[in-house]
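Asks: Can you read through this structure? Questions will come right after.
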Amino acid sequence: MDDRINQIRKMIEEGKAAAGIELGSTRIKTVLIDENHVPVASGSYDWENRFENNIWTYSLEDIWGGLQECYQDLQSDVMRQYGVPLTKIGAIGFSAMMHGYMAFNQEGELLVPFRTWRNTITEQASEELTELFSYHIPQRWSIAHLYQAILNGEEHVREVAFQTTLAGYIHWKLTGRKVLGVGEASGMFPIDIHTKQFNTHMIQQFDEKIAPYGFPWKLEEILPQVLVAGEEAGTLTEEGARLLDPSGQLQAGVLLCPPEGDAGTGMAATNSVARRTGNVSAGTSVFAMIVLEKELSKVYPEIDLVTTPSGDLVGMVHCNNCTSGTAAACLPTTISPGNILPGLRRDVRCL
């Protein structure tokens with residue numbers, strides 16, 4: 001046991017560990033893993049969204065305060081277990097709740113409070129864009145939020161210079177790079193699975209649709225750059241290191257992977273990224289995902305289309321409410337053979 005602790009301590013001191021940080025709806029989590037992908041330390045921070053002015057939101061103070069507390073909890077766990085400060089990390093990856101609306105002006109200022117995926121206020125936009133694209137656009141998608149703001153005549157839309165997701169916002173502030181992993185990007189706007197970029201034909205359709213409003217921007221100009229898993233996504237800047245770790249211990253220069261969404265982390269964690277594999281995620285929302293072999297033949301309003309972190313098409317069935325409403329009554333159980341999807345293993349544990 002002492003040998004194992006000494007090995008981990010040396011690895012941490014040499015900056016060879018990697019950290020994953022996810023901002024979920026009710027908790028921010030961070031995990032430090034060794035070179036064999038085995039968790040060696042962790043941290044967490046509980047938080048809750050606010051319902052303000054009929055919008056589900058988190059303030060920027062909530063976001064940065066929670067992220068810093070979570071990282072500090074990881075630092076404390078490392079010190080408690082191994083007796084060394086966490087000053088160097090080999091790589092960091094961020095993921096967060098997908099979709100929603102974070103719009104910024106030319107000066108990088110947030111124009112309206114963060115509108116999370118939980119908001120069901122974009123029905124008109126969802127229906128009109130689905131018809132325009134012949135492609136299902138769920139209410140929670142970023143493009144639906146942008147178009148609904150246009151339909152509502154919201155003054156801030158004219159000032160939009162950049163739009164991203166929560167994970168993309170954090171990555172931008174820590175690295176200076178306005179990028180998204182393709183899986184996360186697929187919850188903003190439809191992806192062309194051949195190019196693994198935003199669908200340029202649909203971008204053109206959108207620009208033509210809103211042309212009468214005379215906005216000073218085109219959609220492509222305000223969207224982040226799309227990257228697939230493994231592509232270079234930037235490094236932690238000095239300013240970013242202080243944002244994440246105000247204590248000043250964390251050194252800049254850490255490699256960061258493309259920021260992803262919580263659906264992508266679920267696919268990776270359950271090894272469900274190959275075609276004809278799938279997984280079920282039960283959190284604040286609940287959804288089932290299957291990696292598809294080909295594109296769907298028509299629009300199915302029950303099926304949302306996203307991608308894996310490597311850009312393969314995924315069919316998703318999503319419901320906004322799950323554990324938040326059932327946690328108090330939920331007990332550990334095992335899925336029974338009589339209540340199971342065909343082909344699903346019968347030893348799956350529900351905790």
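Going through the structure tokens in order, the chains are called A, B, and so on, while each chain numbers its residues from 1 and the ligands are numbered from 1 in the order shown.
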Among segment 120-232 of chain A, which residues carry a DSSP assignment of helix (DSSP H, G or I), reported as a count of residues only?
Replies: 58
Asks: Extract, using only C-alpha atoms, all DNA, RNA and protein residues at most 12 Å from Glu154 of chain A, discarding same-chain residues fewer than 6 positions from it, and format them as a count of residues only.
Replies: 8
Asks: Name the residues in contact with segment 81-84 of chain A at a cut-off of 6 Å, using only C-alpha atoms, excluding same-chain residues fewer than 2 positions from it; report them as a list of chain:residue names.
Replies: A:Arg9, A:Val78, A:Met79
Asks: Since we have the selection now, will you write its residues out, keeping C-alpha atoms, as a compact mmCIF listing (two decimals), in the first residue's frame?
Replies:
# COMPACT_ATOMS: atom_id res chain seq x y z
CA ARG A 9 2.60 10.94 -4.99
CA VAL A 78 -4.76 15.21 -2.74
CA MET A 79 -3.04 16.75 0.27
Asks: Using Å and a single decimal, report how far atom CA of Gly183 of chain A sits from atom CA of Phe114 of chain A.
Replies: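 Here the two named atoms are 20.2 Å from each other.
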Asks: Hey, can you check how far atom CA of Pro85 of chain A sits from atom CA of Ile8 of chain A?
Replies: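 One can read the atom CA of Pro85 of chain A to atom CA of Ile8 of chain A distance as 12.5 Å.
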Asks: From the set A:Ala282, A:Cys257, A:Ala229, A:Met102, which residue has the shortest atom-to-atom contact distance to Arg177 of chain A, counting only C-alpha atoms?
Replies: A:Cys257
